[in-house]
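**Student:** Input my_file07.cif, format and content: mmCIF, C-alpha atoms.
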```
data_coords
#
loop_
_atom_site.label_atom_id
_atom_site.label_comp_id
_atom_site.auth_asym_id
_atom_site.auth_seq_id
_atom_site.Cartn_x
_atom_site.Cartn_y
_atom_site.Cartn_z
CA MET N 682 196.99 27.94 98.63
CA ILE N 683 196.76 29.56 95.21
CA GLU N 684 193.22 30.53 94.21
CA PHE N 685 191.77 30.72 90.71
CA THR N 686 191.31 34.43 89.92
CA PRO N 687 189.96 34.76 86.37
CA TRP N 688 188.52 38.29 86.65
CA SER N 689 191.52 40.09 88.10
CA ALA N 690 193.66 38.11 85.64
CA LEU N 691 191.55 39.22 82.67
CA ALA N 692 191.48 42.84 83.92
CA GLY N 693 195.23 42.90 84.55
CA GLY N 694 195.90 41.29 81.17
CA SER N 695 193.73 43.89 79.46
CA LEU N 696 195.70 46.66 81.19
CA ILE N 697 198.91 45.10 79.88
CA GLY N 698 197.28 45.10 76.43
CA ILE N 699 196.35 48.80 76.74
CA ALA N 700 199.92 49.60 77.81
CA THR N 701 201.25 47.69 74.79
CA ALA N 702 198.79 49.46 72.50
CA ILE N 703 199.94 52.89 73.74
CA LEU N 704 203.57 52.13 72.90
CA LEU N 705 202.67 50.58 69.54
CA LEU N 706 200.28 53.26 68.35
CA SER N 707 202.11 56.32 69.71
CA GLN N 708 205.65 55.41 68.61
CA GLN N 709 205.47 52.12 66.69
CA ARG N 710 207.44 50.32 69.39
CA ILE N 711 207.08 46.82 70.73
CA ALA N 712 206.49 46.52 74.48
CA GLY N 713 208.90 43.60 74.83
CA VAL N 714 210.40 44.03 78.28
CA SER N 715 213.56 41.94 77.73
CA GLY N 716 214.36 43.87 74.54
CA ILE N 717 213.70 47.25 76.16
CA ALA N 718 215.86 46.38 79.18
CA ALA N 719 218.68 44.92 77.07
CA GLY N 720 218.70 48.07 74.92
CA LEU N 721 219.79 49.99 78.00
CA LEU N 722 223.03 47.99 77.97
CA GLU N 723 223.86 49.02 74.39
CA PRO N 724 226.26 51.98 74.40
CA THR N 725 225.67 52.47 70.67
CA GLU N 726 221.94 52.86 71.17
CA ARG N 727 221.28 56.60 71.07
CA LYS N 728 217.62 56.99 71.93
CA GLN N 729 217.54 55.61 75.45
CA GLY N 730 215.11 57.98 77.16
CA TRP N 731 211.91 56.11 76.38
CA ARG N 732 213.48 52.85 77.60
CA TRP N 733 214.34 54.33 81.00
CA MET N 734 210.85 55.82 81.26
CA PHE N 735 209.16 52.51 80.43
CA VAL N 736 211.28 50.55 82.92
CA ALA N 737 210.72 53.22 85.60
CA GLY N 738 207.00 52.92 84.87
CA LEU N 739 207.08 49.16 85.53
CA VAL N 740 208.41 49.81 89.03
CA LEU N 741 206.10 52.80 89.56
CA GLY N 742 203.15 50.60 88.60
CA THR N 743 203.79 48.29 91.55
CA VAL N 744 204.15 51.24 93.92
CA LEU N 745 200.92 52.83 92.64
CA PHE N 746 199.09 49.51 92.90
CA GLN N 747 200.00 49.37 96.59
CA LEU N 748 199.11 53.04 97.18
CA LEU N 749 195.71 52.45 95.55
CA GLY N 750 195.04 49.69 98.09
CA GLY N 751 196.21 46.69 96.08
CA ASP N 752 197.36 43.74 98.17
CA THR N 753 200.85 42.40 97.51
CA SER N 754 201.22 40.61 100.85
CA GLN N 755 200.48 37.20 99.35
CA ILE N 756 203.52 37.38 97.03
CA ARG N 757 205.89 34.51 97.73
CA ILE N 758 209.35 33.99 96.22
CA ASP N 759 210.41 30.49 97.26
CA ALA N 760 213.69 30.36 95.32
CA ASP N 761 216.84 30.78 97.42
CA SER N 762 219.71 33.07 96.43
CA THR N 763 221.55 30.44 94.38
CA VAL N 764 218.46 29.55 92.36
CA LEU N 765 217.60 33.24 91.90
CA VAL N 766 221.04 33.95 90.43
CA ILE N 767 221.04 30.89 88.15
CA GLY N 768 217.45 31.57 87.05
CA GLY N 769 218.16 35.26 86.47
CA VAL N 770 221.21 34.60 84.29
CA LEU N 771 219.28 31.99 82.24
CA VAL N 772 216.32 34.36 81.78
CA GLY N 773 218.59 37.25 80.74
CA PHE N 774 220.73 35.21 78.35
CA GLY N 775 217.87 33.13 76.95
CA THR N 776 215.64 36.09 76.16
CA ARG N 777 218.49 37.74 74.23
CA LEU N 778 219.30 34.57 72.30
CA GLY N 779 215.64 33.90 71.58
CA GLY N 780 214.86 37.55 70.83
CA GLY N 781 212.03 38.02 73.30
CA CYS N 782 210.15 37.00 76.41
CA THR N 783 206.58 36.64 77.62
CA SER N 784 205.70 40.20 76.59
CA GLY N 785 207.55 40.48 73.26
CA HIS N 786 206.87 37.00 71.88
CA GLY N 787 203.93 36.03 74.10
CA VAL N 788 201.79 39.17 73.88
CA CYS N 789 203.03 41.32 70.97
CA GLY N 790 204.08 38.48 68.67
CA ILE N 791 201.14 36.15 69.20
CA SER N 792 198.64 38.98 68.77
CA ARG N 793 200.46 39.76 65.49
CA GLY N 794 200.07 36.15 64.39
CA SER N 795 203.85 35.75 64.12
CA ALA N 796 204.86 32.11 63.60
CA ARG N 797 208.26 32.73 65.28
CA SER N 798 206.60 34.14 68.38
CA ILE N 799 204.02 31.36 68.60
CA VAL N 800 206.81 28.75 68.43
CA ALA N 801 208.96 30.66 70.95
CA THR N 802 206.05 30.95 73.40
CA ILE N 803 205.18 27.26 73.16
CA ILE N 804 208.84 26.35 73.76
CA PHE N 805 209.39 28.53 76.82
CA MET N 806 206.04 27.56 78.37
CA VAL N 807 206.64 23.83 77.85
CA THR N 808 210.26 24.08 79.07
CA ALA N 809 209.19 26.00 82.17
CA ALA N 810 206.40 23.46 82.85
CA ILE N 811 208.91 20.60 82.56
CA VAL N 812 211.26 22.32 85.05
CA VAL N 813 208.36 22.84 87.48
CA TYR N 814 207.33 19.20 87.06
CA LEU N 815 210.86 17.95 87.71
CA SER N 816 211.47 20.21 90.70
CA ARG N 817 208.08 19.64 92.36
CA HIS N 818 207.08 16.11 91.46
CA VAL N 819 210.33 14.30 90.79
CA ALA N 820 213.09 15.93 92.85
CA GLY N 821 210.74 17.18 95.55
CA ALA N 822 208.79 13.93 95.90
CA MET T 877 209.42 64.55 75.50
CA LYS T 878 205.86 63.56 74.67
CA GLN T 879 207.12 60.13 73.59
CA ASN T 880 208.96 59.70 76.87
CA LEU T 881 205.85 60.56 78.86
CA LEU T 882 203.81 58.08 76.83
CA ALA T 883 206.49 55.44 77.44
CA LEU T 884 206.25 56.19 81.18
CA LEU T 885 202.46 55.89 81.03
CA SER T 886 202.74 52.62 79.11
CA GLY T 887 205.24 51.17 81.59
CA THR T 888 203.13 52.27 84.55
CA LEU T 889 199.92 50.71 83.21
CA PHE T 890 201.92 47.59 82.32
CA GLY T 891 203.21 47.42 85.90
CA ILE T 892 199.76 47.91 87.44
CA GLY T 893 198.45 45.19 85.11
CA LEU T 894 201.19 42.79 86.25
CA ALA T 895 200.39 43.49 89.92
CA LEU T 896 196.60 43.24 89.48
CA SER T 897 196.86 39.97 87.55
CA GLN T 898 199.37 38.60 90.12
CA MET T 899 201.98 37.92 87.43
CA LEU T 900 204.19 39.64 90.02
CA ASP T 901 203.86 36.63 92.31
CA PRO T 902 206.25 33.78 91.42
CA ALA T 903 204.15 31.34 93.49
CA LYS T 904 201.13 32.21 91.32
CA VAL T 905 203.13 31.82 88.09
CA LEU T 906 204.57 28.48 89.17
CA ALA T 907 201.04 27.28 90.07
CA PHE T 908 200.06 28.02 86.46
CA LEU T 909 203.06 26.07 85.18
CA ASP T 910 202.37 23.13 87.51
CA PHE T 911 200.06 21.05 85.35
CA ALA T 912 200.60 17.91 87.43
CA GLY T 913 199.80 19.64 90.73
CA ALA T 914 196.98 21.96 91.86
CA TRP T 915 196.91 23.70 88.49
CA ASP T 916 195.76 27.34 88.52
CA PRO T 917 194.71 28.42 85.00
CA SER T 918 194.46 32.15 85.94
CA LEU T 919 197.46 33.25 83.91
CA ALA T 920 195.88 31.97 80.72
CA PHE T 921 193.30 34.74 81.33
CA VAL T 922 196.10 37.31 81.63
CA MET T 923 197.42 36.21 78.24
CA ALA T 924 193.92 36.21 76.75
CA GLY T 925 193.24 39.77 77.93
CA ALA T 926 196.62 41.11 76.81
CA VAL T 927 196.62 39.35 73.42
CA GLY T 928 193.00 40.34 72.75
CA VAL T 929 193.57 44.06 73.36
CA THR T 930 196.92 44.09 71.52
CA ALA T 931 195.38 42.36 68.49
CA VAL T 932 193.00 45.33 68.18
CA ALA T 933 196.00 47.67 68.42
CA TRP T 934 197.75 45.82 65.57
CA TRP T 935 194.63 46.11 63.45
CA TRP T 936 194.50 49.85 64.19
CA GLN T 937 198.23 50.26 63.46
CA ASP T 938 197.97 48.46 60.12
CA ARG T 939 195.14 50.59 58.83
CA GLY T 940 197.09 53.79 59.55
CA ARG T 941 200.79 54.39 59.16
CA PRO T 942 202.85 51.50 57.84
CA ALA T 943 204.47 49.55 60.65
CA HIS T 944 208.21 49.75 60.04
CA ALA T 945 210.78 47.43 61.59
CA LEU T 946 208.14 45.68 63.66
CA ILE T 947 207.20 42.07 64.08
CA ARG T 948 206.80 40.26 60.79
CA ARG T 949 204.00 37.77 60.57
CA GLY T 950 206.53 35.64 58.76
CA GLY T 951 206.48 32.00 57.88
CA TRP T 952 208.26 29.00 59.25
CA SER T 953 211.55 30.15 57.70
CA GLY T 954 212.23 32.62 60.52
CA ILE T 955 212.28 29.81 63.07
CA ASP T 956 215.93 28.99 63.66
CA THR T 957 218.19 27.31 66.21
CA ARG T 958 218.73 30.60 67.98
CA LEU T 959 215.01 31.17 68.58
CA ILE T 960 214.47 27.63 69.80
CA ALA T 961 217.59 27.41 72.01
CA GLY T 962 217.05 30.87 73.49
CA SER T 963 213.40 30.22 74.31
CA ALA T 964 214.30 26.91 75.96
CA VAL T 965 217.03 28.55 78.09
CA PHE T 966 214.61 31.30 79.09
CA GLY T 967 211.97 28.67 79.96
CA ILE T 968 214.38 26.86 82.29
CA GLY T 969 215.08 30.06 84.22
CA TRP T 970 211.38 30.98 84.30
CA GLY T 971 210.43 27.55 85.63
CA LEU T 972 213.16 27.64 88.31
CA VAL T 973 212.06 30.94 89.84
CA GLY T 974 208.69 32.03 88.41
CA PHE T 975 209.93 35.44 87.24
CA CYS T 976 210.05 36.54 83.60
CA PRO T 977 211.64 39.94 82.77
CA GLY T 978 208.59 42.24 83.13
CA PRO T 979 207.35 41.00 86.50
CA ALA T 980 210.92 40.78 87.83
CA ILE T 981 211.53 44.46 87.09
CA SER T 982 208.10 45.45 88.43
CA ALA T 983 208.79 43.48 91.61
CA LEU T 984 211.64 45.91 92.34
CA GLY T 985 208.79 48.15 93.57
CA LEU T 986 208.26 45.72 96.46
CA TRP T 987 211.60 46.97 97.87
CA SER T 988 212.81 43.54 98.89
CA PHE T 989 216.10 41.74 98.28
CA LYS T 990 215.08 38.74 96.17
CA PRO T 991 213.72 40.63 93.12
CA LEU T 992 216.83 42.84 93.20
CA LEU T 993 219.13 39.81 93.17
CA PHE T 994 217.17 38.21 90.31
CA VAL T 995 217.19 41.39 88.20
CA ALA T 996 220.93 41.87 88.78
CA ALA T 997 221.55 38.30 87.59
CA MET T 998 219.22 38.84 84.63
CA ILE T 999 221.17 41.94 83.57
CA LEU T 1000 224.37 39.90 83.88
CA GLY T 1001 222.85 37.23 81.62
CA MET T 1002 221.88 39.88 79.06
CA ALA T 1003 225.35 41.42 79.21
CA LEU T 1004 226.95 37.99 78.69
CA TYR T 1005 225.10 37.57 75.42
CA ALA T 1006 227.17 39.98 73.31
CA PRO T 1007 230.60 38.48 74.16
CA ALA T 1008 229.18 34.95 73.85
CA ARG T 1009 227.85 35.80 70.44
CA ALA T 1010 231.20 37.25 69.36
CA THR T 1011 233.10 34.23 70.66
CA TRP T 1012 230.83 31.59 69.24
CA SER T 1013 229.75 33.25 66.04
CA THR T 1014 231.76 30.83 63.96
CA LEU T 1015 230.46 27.72 65.68
CA GLN T 1016 228.12 25.65 63.64
CA PHE T 1017 225.21 23.76 65.08
CA GLY T 1018 224.08 21.44 62.33
CA ASN T 1019 223.11 23.60 59.41
CA ALA T 1020 222.16 26.63 61.48
CA ARG T 1021 224.59 29.06 63.03
CA LEU T 1022 223.46 29.61 66.59
CA PHE T 1023 224.35 33.26 66.97
CA ASP T 1024 224.55 34.60 63.45
CA SER T 1025 220.97 34.45 62.27
CA GLU T 1026 220.16 38.10 62.88
CA THR T 1027 216.46 38.82 62.61
#
```
Could you quickly redo this structure as structure tokens?
**Tutor:**
Amino acid sequence: MIEFTPWSALAGGSLIGIATAILLLSQQRIAGVSGIAAGLLEPTERKQGWRWMFVAGLVLGTVLFQLLGGDTSQIRIDADSTVLVIGGVLVGFGTRLGGGCTSGHGVCGISRGSARSIVATIIFMVTAAIVVYLSRHVAGA
Amino acid sequence: MKQNLLALLSGTLFGIGLALSQMLDPAKVLAFLDFAGAWDPSLAFVMAGAVGVTAVAWWWQDRGRPAHALIRRGGWSGIDTRLIAGSAVFGIGWGLVGFCPGPAISALGLWSFKPLLFVAAMILGMALYAPARATWSTLQFGNARLFDSET
């Protein structure tokens, strides 16, 4: 059973905002995870160091959370291998085509008041909700 | 060097924020997306916190150095087929699994197989984009070229 957790959600979201603010104010960079990760695949991209450090930090954050006593035991990934691969490819390709994901469009873009990002976020949220509806209430019924 | 350390700090805080807010948990994310089921609105609070703090950062950035090559506020003209199609494709993948790019990478810190498989597939999807763009760059979709509208 999934419980409503507004306070940890608000606190975690604020931490994500602080992280985004650090990258924006210290080096005028957007904390869009799909863009940062995809930049690592570009051989022509010269300044790669900060990208590796940011991505390493994402993983380190989970490890630190656990070391500090955070509970990750409730995490459940229901998708099987086939769905994970299909979903992963769609997420990777779609975020490149659309120019951003939940962090780039959803957090950085919306807080900027960017019309493109607001539209992108509405589209991927509605599409994802439709897929969940179809898989849980139509196919799974 | 200093910039790299700040990027590491930013990524680490980002990762802790994802874990604390349970964005790391696909079951939690899918419960937020399941409006017809036992809907859990928690993730709207994650967005509210992140957008609220970042909006202050944008205000701070704009009053100091000019923001170069960053997000334009823009009008409706920047909304093209590519943005719409890409966001829809991303949404399908997100709804199937419950991982978006940030949480998927952070979940590598759980040292289990499923996040690793998802991230590998995600990197494959990203890598497929460049050749797809090169191959299809001349294809027309209505009035808008799907892959050519560089932003």
**Student:** Take the PyMOL selection byres ((chain N) within 6 of (chain T)), run it mentally on this structure, and tell me the resulting residues as a VMD selection string.
**Tutor:** chain N and resid 685 to 687 689 to 691 693 to 698 700 702 714 to 715 731 734 to 735 738 to 744 746 756 to 758 760 765 to 766 768 to 776 778 to 779 788 792 794 to 797 801 804 to 805 808 to 810 812 to 813
**Student:** Please measure the separation of atom CA of Gln708 of chain N and atom CA of Lys728 of chain N, giving the value in Å to one decimal.
**Tutor:**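 Computed distance, atom CA of Gln708 of chain N to atom CA of Lys728 of chain N, equals 12.5 Å.
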**Student:** Do you have the atom CA of Ala718 of chain N-atom CA of Cys782 of chain N distance handy?
**Tutor:**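 If I compute the distance from atom CA of Ala718 of chain N to atom CA of Cys782 of chain N, I get 11.3 Å.
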**Student:** What separation in Å, quoted to one decimal, exists between atom CA of Ile717 of chain N and atom CA of Trp688 of chain N?
**Tutor:**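 Answer for the atom CA of Ile717 of chain N to atom CA of Trp688 of chain N separation: 28.7 Å.
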**Student:** Name the residues that the PyMOL selection byres ((chain N and resi 711) around 8) picks from the file above, as a list in words, using the file's chain letters and numbers.
**Tutor:**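 This file gives the following for the PyMOL selection byres ((chain N and resi 711) around 8): Thr701, Leu704, Leu705, Gln709, Arg710, Ala712, Gly713, Gly785 and Cys789 of chain N; Leu946 of chain T.
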**Student:** Mind dumping the selected residues with C-alpha atoms as a short mmCIF file (atom, residue, chain, number, x, y, z; two decimals), in the frame of the given file?
**Tutor:**
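Saved file part-v8.cif follows:
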```cif
data_model
loop_
_atom_site.label_atom_id
_atom_site.label_comp_id
_atom_site.auth_asym_id
_atom_site.auth_seq_id
_atom_site.Cartn_x
_atom_site.Cartn_y
_atom_site.Cartn_z
CA THR N 701 201.25 47.69 74.79
CA LEU N 704 203.57 52.13 72.90
CA LEU N 705 202.67 50.58 69.54
CA GLN N 709 205.47 52.12 66.69
CA ARG N 710 207.44 50.32 69.39
CA ALA N 712 206.49 46.52 74.48
CA GLY N 713 208.90 43.60 74.83
CA GLY N 785 207.55 40.48 73.26
CA CYS N 789 203.03 41.32 70.97
CA LEU T 946 208.14 45.68 63.66
#
```
**Student:** Edge lengths and centre, in Å to one decimal, as lines of an AutoDock Vina configuration file: that's what I need for the box along x, y and z that holds all listed atoms of segment 727-743 of chain N plus 8 Å on each side.
**Tutor:**
```
center_x = 212.2
center_y = 53.1
center_z = 81.3
size_x = 34.1
size_y = 25.7
size_z = 36.5
```
